[in-house]
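S.K.: For reference, the structure I am asking about is given below.
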Amino acid sequence: MLWAIRCEIGAIWSGRCEFQQVKIYINKTVQVPEIPSEVEIESGTLGKLLDDLLRTTYFAKEIIDPDTGDLLLDGLLRVQLNGVSHYGLPNGLDSVLHDGDTLTLTLILLGGG
């Protein structure tokens with residue numbers, strides 16, 4: 001018997017899931033050498049991409065909870081996918097990425113005296 005499964009990204013295929021490469025463009029308001037201007041990934045969500053990108057940065061200790069390992073995006077970064085805040089996306093950080101999506105990372109700078 002043939003079974004068809006649905007992939008998050010990729011094709012519906014009998015018996016197995018085939019994934020396609022997707023290219024994601026990355027805009028940044030400040031230069032962060034560890035974050036490229038584009039990436040090609042096999043599949044994934046916004047949260048997974050952010051996790052992969054931000055864990056290697058010099059400010060990782062500011063955005064990764066030491067107890068849980070979760071991303072802490074409140075305060076330091078504004079994240080947008082195709083111009084929409086991650087808070088406004090129907091699936092938030094669980095939004096599936098598609099070929100040609102644009103991720104915008106805006107560093108929120110606050111000053112005081």
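Letters A, B, ... go to the chains of the structure tokens in the order shown; residues in each chain start at 1; ligands are counted from 1 in the same order.
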From a DSSP calculation on the backbone, collect every residue of segment 7-89 of chain A in strand (DSSP E) and output the set as a list in words.

M.R.: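 Put together, the selection reads Trp13, Ser14, Val22, Lys23, Ile24, Tyr25, Ile26, Asn27, Lys28, Glu38, Val39, Glu40, Ile41, Leu77, Arg78, Val79, Gln80, Leu81, Val84 and Ser85 of chain A.
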
S.K.: For Pro90 of chain A, work out the shell of residues within 12 Å, counting only C-alpha atoms and skipping chain neighbours fewer than 6 positions away, then give it as an mmCIF file with N, CA and C atoms, in the first residue's frame.

M.R.:
```cif
data_model
loop_
_atom_site.group_PDB
_atom_site.id
_atom_site.type_symbol
_atom_site.label_atom_id
_atom_site.label_comp_id
_atom_site.auth_asym_id
_atom_site.auth_seq_id
_atom_site.Cartn_x
_atom_site.Cartn_y
_atom_site.Cartn_z
ATOM 1 N N LEU A 81 9.714 38.983 9.318
ATOM 2 C CA LEU A 81 9.767 38.070 8.184
ATOM 3 C C LEU A 81 8.904 38.680 7.094
ATOM 4 N N VAL A 84 6.872 41.672 8.262
ATOM 5 C CA VAL A 84 5.890 41.483 9.340
ATOM 6 C C VAL A 84 6.630 41.034 10.598
ATOM 7 N N VAL A 96 6.786 28.565 8.903
ATOM 8 C CA VAL A 96 7.623 27.826 7.963
ATOM 9 C C VAL A 96 8.224 28.805 6.951
#
```

S.K.: Can you tell me, as JSON, numbers by chain, what residues are no more than 8 Å from His98 of chain A when counting only C-alpha atoms, ignoring any on the same chain fewer than 3 positions away?

M.R.: {"A": [9, 22, 23, 24, 101]}

S.K.: Neighbouring residues of Gly47 of chain A were defined as those with any atom within 12 Å, considering only C-alpha atoms; residues of the same chain fewer than 3 positions away were excluded. Please report them as a ChimeraX atom specification.

M.R.: /A:43-44,50-55,70-73,79-81,86-87,89,91-97,103

S.K.: Using only C-alpha atoms, which residues sit within 8 Å of segment 106-111 of chain A once same-chain residues fewer than 3 positions away are excluded, as a ChimeraX atom specification?

M.R.: /A:28-30,75-79

S.K.: From a backbone DSSP assignment, name each residue in chain A labelled alpha helix (DSSP H), as a list in words.

M.R.: Leu46, Gly47, Lys48, Leu49, Leu50, Asp51, Asp52, Leu53, Leu54, Ala60, Lys61, Glu62 and Ile63 of chain A
